[in-house]
Amino acid sequence: MNGVTAGPITVVIIDDHQMVLDGLKAMLQPYQDKVRIVGESSDPAAALQLATEQRPDAVLLDVRLRGVSGLDLCGEILRAQPDCKVVFLTVYDDEQYLYQALRVGAAGFLLKRITGGELVDYLGRICAGEVLIDPSLAGRVALTAARLRSGEFWPGAHLGLTQRESEVLSLLVAGLSNRAIAMKLVVSEETVKTHSRGIYRKLGVSDRAGAVAVALREGVFH
């Protein structure tokens, strides 16, 4: 079925919530003849070693993990195991996460509302060579692509920034503190910091000054 092995598709599952891991195991248990879980980890720091040791056909992981980016981990797994199919299974239905996932080499982007039978079917198709996106995102992705093509989108979208990240970046460029940004957007300072980290990662910088420099160099805000 997977074009790689004659037996069941072997899968490693990675999520920083044990409840999710247990749920996935229970959901896939009736399909052991098609999908076999060969490893699991709730510790993102140990995930790369696990995937390297087990050499599974596919790895299921979330976009956000405790202390690390699932997107970064995807790249590390694929550098160590180029033939592995990395599939994001997440609650984040943000198309910008989808685009970032595809850029780092993911073979699938699925939402956690999926059923066991659907997941097994998608894994089979992915391991056979398809790149799959959750059907509920398909329409939004098509609309986003059309709006990008016509130039009707927010500043920084072409760099992978979400609309809220674009808003935060514009306020960083304006010189506002995290507290001032939080007050202006009516969110917590921790939320501002989370958005800032996402901005830094997507722009390939490590701090506020670097993000501002890229924004100005790229002419994000006119």
# chains A, B, ... in the order shown; residues from 1 in each chain; ligands from 1
$ select_by_dssp --residues "range 91-173 of chain A" --states "helix (DSSP H, G or I)" --output "ChimeraX atom specification"
/A:95-103,116-127,135-150,157-159,163-173
$ residues_around --residues "Ala211 in chain A" --least-positions-apart "6" --cutoff "10 Å" --atoms "only C-alpha atoms" --output "list in words"
Leu169, Leu172, Val173, Ser196, Ile199, Tyr200, Arg201, Lys202, Leu203, Gly204, Val205 and Arg217 of chain A
$ residues_around --residues "range 56-72 of chain A" --least-positions-apart "2" --cutoff "6 Å" --atoms "only C-alpha atoms" --output "PyMOL selection string"
chain A and resi 10-16+54+74-75+84-90
$ select_by_dssp --residues "range 41-165 of chain A" --states "strand (DSSP E or B)" --output "PyMOL selection string"
chain A and resi 41+58-61+64-65+68-69+85-90+108-111+132-133
$ write_last_selection --atoms "C-alpha atoms" --output "compact mmCIF listing (two decimals), in the first residue's frame"
# COMPACT_ATOMS: atom_id res chain seq x y z
CA SER A 41 7.38 10.60 22.05
CA ALA A 58 5.99 8.27 8.21
CA VAL A 59 6.15 10.62 11.18
CA LEU A 60 3.08 12.35 12.59
CA LEU A 61 3.78 15.55 14.51
CA ARG A 64 3.82 23.56 17.75
CA LEU A 65 5.64 21.45 20.31
CA VAL A 68 10.58 23.70 19.75
CA SER A 69 8.96 24.33 16.39
CA LYS A 85 7.10 11.15 4.98
CA VAL A 86 6.49 13.85 7.58
CA VAL A 87 2.80 14.57 8.13
CA PHE A 88 1.56 17.40 10.32
CA LEU A 89 -1.47 16.53 12.42
CA THR A 90 -2.60 19.69 14.16
CA GLY A 108 0.83 16.14 4.45
CA PHE A 109 -1.02 18.68 6.57
CA LEU A 110 -4.07 17.26 8.36
CA LEU A 111 -6.32 18.52 11.14
CA LEU A 132 -2.15 15.82 0.83
CA ILE A 133 -3.82 18.80 2.47
$ closest_residue --among "A:Met27, A:Met19, A:Ile9, A:Ala157" --to "Arg55 in chain A" --atoms "only C-alpha atoms"
A:Ile9
$ closest_residue --among "A:Ser42, A:Thr162, A:Ser177, A:Gln32" --to "His195 in chain A" --atoms "only C-alpha atoms"
A:Thr162
$ closest_residue --among "A:Leu216, A:Leu98, A:Leu48, A:Gly116" --to "Gln29 in chain A" --atoms "only C-alpha atoms"
A:Gly116
$ closest_residue --among "A:Ala101, A:Val91, A:Leu28, A:Leu78" --to "Gly160 in chain A" --atoms "only C-alpha atoms"
A:Ala101
$ decode --residues "range 95-136 of chain A" --atoms "N, CA and C atoms" --output "PDB file, in the first residue's frame"
ATOM      1  N   GLU A  95      -3.680  28.713   7.156  1.00  0.00           N
ATOM      2  CA  GLU A  95      -3.020  28.348   5.898  1.00  0.00           C
ATOM      3  C   GLU A  95      -1.557  28.756   5.850  1.00  0.00           C
ATOM      4  N   GLN A  96      -1.172  29.748   6.642  1.00  0.00           N
ATOM      5  CA  GLN A  96       0.236  30.141   6.647  1.00  0.00           C
ATOM      6  C   GLN A  96       1.107  29.031   7.249  1.00  0.00           C
ATOM      7  N   TYR A  97       0.578  28.323   8.268  1.00  0.00           N
ATOM      8  CA  TYR A  97       1.292  27.162   8.796  1.00  0.00           C
ATOM      9  C   TYR A  97       1.410  26.090   7.712  1.00  0.00           C
ATOM     10  N   LEU A  98       0.351  25.940   6.944  1.00  0.00           N
ATOM     11  CA  LEU A  98       0.370  24.968   5.850  1.00  0.00           C
ATOM     12  C   LEU A  98       1.480  25.299   4.861  1.00  0.00           C
ATOM     13  N   TYR A  99       1.567  26.561   4.455  1.00  0.00           N
ATOM     14  CA  TYR A  99       2.590  26.951   3.492  1.00  0.00           C
ATOM     15  C   TYR A  99       3.993  26.709   4.048  1.00  0.00           C
ATOM     16  N   GLN A 100       4.177  27.043   5.324  1.00  0.00           N
ATOM     17  CA  GLN A 100       5.483  26.826   5.942  1.00  0.00           C
ATOM     18  C   GLN A 100       5.808  25.337   5.980  1.00  0.00           C
ATOM     19  N   ALA A 101       4.806  24.511   6.288  1.00  0.00           N
ATOM     20  CA  ALA A 101       5.007  23.060   6.345  1.00  0.00           C
ATOM     21  C   ALA A 101       5.444  22.516   4.989  1.00  0.00           C
ATOM     22  N   LEU A 102       4.799  22.973   3.934  1.00  0.00           N
ATOM     23  CA  LEU A 102       5.154  22.496   2.600  1.00  0.00           C
ATOM     24  C   LEU A 102       6.545  22.973   2.207  1.00  0.00           C
ATOM     25  N   ARG A 103       6.907  24.176   2.636  1.00  0.00           N
ATOM     26  CA  ARG A 103       8.238  24.696   2.305  1.00  0.00           C
ATOM     27  C   ARG A 103       9.350  23.864   2.927  1.00  0.00           C
ATOM     28  N   VAL A 104       9.105  23.329   4.130  1.00  0.00           N
ATOM     29  CA  VAL A 104      10.155  22.540   4.793  1.00  0.00           C
ATOM     30  C   VAL A 104      10.108  21.070   4.403  1.00  0.00           C
ATOM     31  N   GLY A 105       9.200  20.705   3.497  1.00  0.00           N
ATOM     32  CA  GLY A 105       9.213  19.350   2.960  1.00  0.00           C
ATOM     33  C   GLY A 105       8.153  18.393   3.458  1.00  0.00           C
ATOM     34  N   ALA A 106       7.157  18.891   4.184  1.00  0.00           N
ATOM     35  CA  ALA A 106       6.103  18.006   4.687  1.00  0.00           C
ATOM     36  C   ALA A 106       5.344  17.371   3.525  1.00  0.00           C
ATOM     37  N   ALA A 107       4.882  16.155   3.734  1.00  0.00           N
ATOM     38  CA  ALA A 107       4.118  15.443   2.709  1.00  0.00           C
ATOM     39  C   ALA A 107       2.621  15.501   2.970  1.00  0.00           C
ATOM     40  N   GLY A 108       2.246  16.040   4.127  1.00  0.00           N
ATOM     41  CA  GLY A 108       0.832  16.136   4.446  1.00  0.00           C
ATOM     42  C   GLY A 108       0.581  17.140   5.549  1.00  0.00           C
ATOM     43  N   PHE A 109      -0.615  17.733   5.525  1.00  0.00           N
ATOM     44  CA  PHE A 109      -1.024  18.684   6.566  1.00  0.00           C
ATOM     45  C   PHE A 109      -2.481  18.389   6.858  1.00  0.00           C
ATOM     46  N   LEU A 110      -2.732  17.727   7.999  1.00  0.00           N
ATOM     47  CA  LEU A 110      -4.065  17.260   8.359  1.00  0.00           C
ATOM     48  C   LEU A 110      -4.489  17.844   9.702  1.00  0.00           C
ATOM     49  N   LEU A 111      -5.792  17.976   9.886  1.00  0.00           N
ATOM     50  CA  LEU A 111      -6.321  18.520  11.138  1.00  0.00           C
ATOM     51  C   LEU A 111      -6.761  17.389  12.066  1.00  0.00           C
ATOM     52  N   LYS A 112      -6.688  17.640  13.364  1.00  0.00           N
ATOM     53  CA  LYS A 112      -6.931  16.597  14.353  1.00  0.00           C
ATOM     54  C   LYS A 112      -8.392  16.166  14.448  1.00  0.00           C
ATOM     55  N   ARG A 113      -9.264  16.798  13.706  1.00  0.00           N
ATOM     56  CA  ARG A 113     -10.662  16.369  13.677  1.00  0.00           C
ATOM     57  C   ARG A 113     -10.845  15.125  12.797  1.00  0.00           C
ATOM     58  N   ILE A 114      -9.774  14.652  12.195  1.00  0.00           N
ATOM     59  CA  ILE A 114      -9.799  13.517  11.274  1.00  0.00           C
ATOM     60  C   ILE A 114     -10.201  12.227  11.990  1.00  0.00           C
ATOM     61  N   THR A 115     -10.824  11.314  11.274  1.00  0.00           N
ATOM     62  CA  THR A 115     -11.169  10.011  11.841  1.00  0.00           C
ATOM     63  C   THR A 115     -10.036   9.021  11.600  1.00  0.00           C
ATOM     64  N   GLY A 116     -10.085   7.904  12.312  1.00  0.00           N
ATOM     65  CA  GLY A 116      -9.048   6.892  12.153  1.00  0.00           C
ATOM     66  C   GLY A 116      -8.991   6.344  10.733  1.00  0.00           C
ATOM     67  N   GLY A 117     -10.151   6.064  10.159  1.00  0.00           N
ATOM     68  CA  GLY A 117     -10.189   5.529   8.805  1.00  0.00           C
ATOM     69  C   GLY A 117      -9.630   6.510   7.788  1.00  0.00           C
ATOM     70  N   GLU A 118      -9.965   7.795   7.970  1.00  0.00           N
ATOM     71  CA  GLU A 118      -9.448   8.817   7.055  1.00  0.00           C
ATOM     72  C   GLU A 118      -7.929   8.929   7.165  1.00  0.00           C
ATOM     73  N   LEU A 119      -7.435   8.896   8.413  1.00  0.00           N
ATOM     74  CA  LEU A 119      -5.992   9.016   8.625  1.00  0.00           C
ATOM     75  C   LEU A 119      -5.248   7.861   7.964  1.00  0.00           C
ATOM     76  N   VAL A 120      -5.776   6.661   8.108  1.00  0.00           N
ATOM     77  CA  VAL A 120      -5.146   5.490   7.497  1.00  0.00           C
ATOM     78  C   VAL A 120      -5.139   5.626   5.972  1.00  0.00           C
ATOM     79  N   ASP A 121      -6.257   6.060   5.416  1.00  0.00           N
ATOM     80  CA  ASP A 121      -6.342   6.251   3.965  1.00  0.00           C
ATOM     81  C   ASP A 121      -5.341   7.304   3.492  1.00  0.00           C
ATOM     82  N   TYR A 122      -5.267   8.436   4.210  1.00  0.00           N
ATOM     83  CA  TYR A 122      -4.346   9.508   3.821  1.00  0.00           C
ATOM     84  C   TYR A 122      -2.895   9.065   3.935  1.00  0.00           C
ATOM     85  N   LEU A 123      -2.578   8.322   4.987  1.00  0.00           N
ATOM     86  CA  LEU A 123      -1.202   7.843   5.148  1.00  0.00           C
ATOM     87  C   LEU A 123      -0.810   6.920   3.996  1.00  0.00           C
ATOM     88  N   GLY A 124      -1.739   6.080   3.580  1.00  0.00           N
ATOM     89  CA  GLY A 124      -1.468   5.197   2.459  1.00  0.00           C
ATOM     90  C   GLY A 124      -1.185   5.978   1.188  1.00  0.00           C
ATOM     91  N   ARG A 125      -1.975   6.988   0.941  1.00  0.00           N
ATOM     92  CA  ARG A 125      -1.804   7.804  -0.263  1.00  0.00           C
ATOM     93  C   ARG A 125      -0.516   8.632  -0.202  1.00  0.00           C
ATOM     94  N   ILE A 126      -0.221   9.145   0.981  1.00  0.00           N
ATOM     95  CA  ILE A 126       1.006   9.930   1.147  1.00  0.00           C
ATOM     96  C   ILE A 126       2.236   9.058   0.930  1.00  0.00           C
ATOM     97  N   CYS A 127       2.224   7.876   1.518  1.00  0.00           N
ATOM     98  CA  CYS A 127       3.374   6.977   1.369  1.00  0.00           C
ATOM     99  C   CYS A 127       3.486   6.433  -0.052  1.00  0.00           C
ATOM    100  N   ALA A 128       2.418   6.539  -0.824  1.00  0.00           N
ATOM    101  CA  ALA A 128       2.463   6.138  -2.224  1.00  0.00           C
ATOM    102  C   ALA A 128       2.936   7.276  -3.122  1.00  0.00           C
ATOM    103  N   GLY A 129       3.173   8.448  -2.515  1.00  0.00           N
ATOM    104  CA  GLY A 129       3.748   9.538  -3.289  1.00  0.00           C
ATOM    105  C   GLY A 129       2.938  10.812  -3.377  1.00  0.00           C
ATOM    106  N   GLU A 130       1.698  10.820  -2.849  1.00  0.00           N
ATOM    107  CA  GLU A 130       0.889  12.027  -2.914  1.00  0.00           C
ATOM    108  C   GLU A 130       1.292  13.011  -1.809  1.00  0.00           C
ATOM    109  N   VAL A 131       1.017  14.290  -2.056  1.00  0.00           N
ATOM    110  CA  VAL A 131       1.118  15.317  -1.024  1.00  0.00           C
ATOM    111  C   VAL A 131      -0.306  15.761  -0.738  1.00  0.00           C
ATOM    112  N   LEU A 132      -0.740  15.603   0.508  1.00  0.00           N
ATOM    113  CA  LEU A 132      -2.148  15.817   0.830  1.00  0.00           C
ATOM    114  C   LEU A 132      -2.360  16.942   1.832  1.00  0.00           C
ATOM    115  N   ILE A 133      -3.398  17.718   1.592  1.00  0.00           N
ATOM    116  CA  ILE A 133      -3.821  18.801   2.473  1.00  0.00           C
ATOM    117  C   ILE A 133      -5.219  18.460   2.963  1.00  0.00           C
ATOM    118  N   ASP A 134      -5.495  18.733   4.222  1.00  0.00           N
ATOM    119  CA  ASP A 134      -6.819  18.473   4.773  1.00  0.00           C
ATOM    120  C   ASP A 134      -7.886  19.125   3.879  1.00  0.00           C
ATOM    121  N   PRO A 135      -8.914  18.365   3.493  1.00  0.00           N
ATOM    122  CA  PRO A 135      -9.936  18.901   2.581  1.00  0.00           C
ATOM    123  C   PRO A 135     -10.584  20.195   3.073  1.00  0.00           C
ATOM    124  N   SER A 136     -10.711  20.365   4.383  1.00  0.00           N
ATOM    125  CA  SER A 136     -11.368  21.563   4.904  1.00  0.00           C
ATOM    126  C   SER A 136     -10.549  22.825   4.662  1.00  0.00           C
TER     127      SER A 136
END
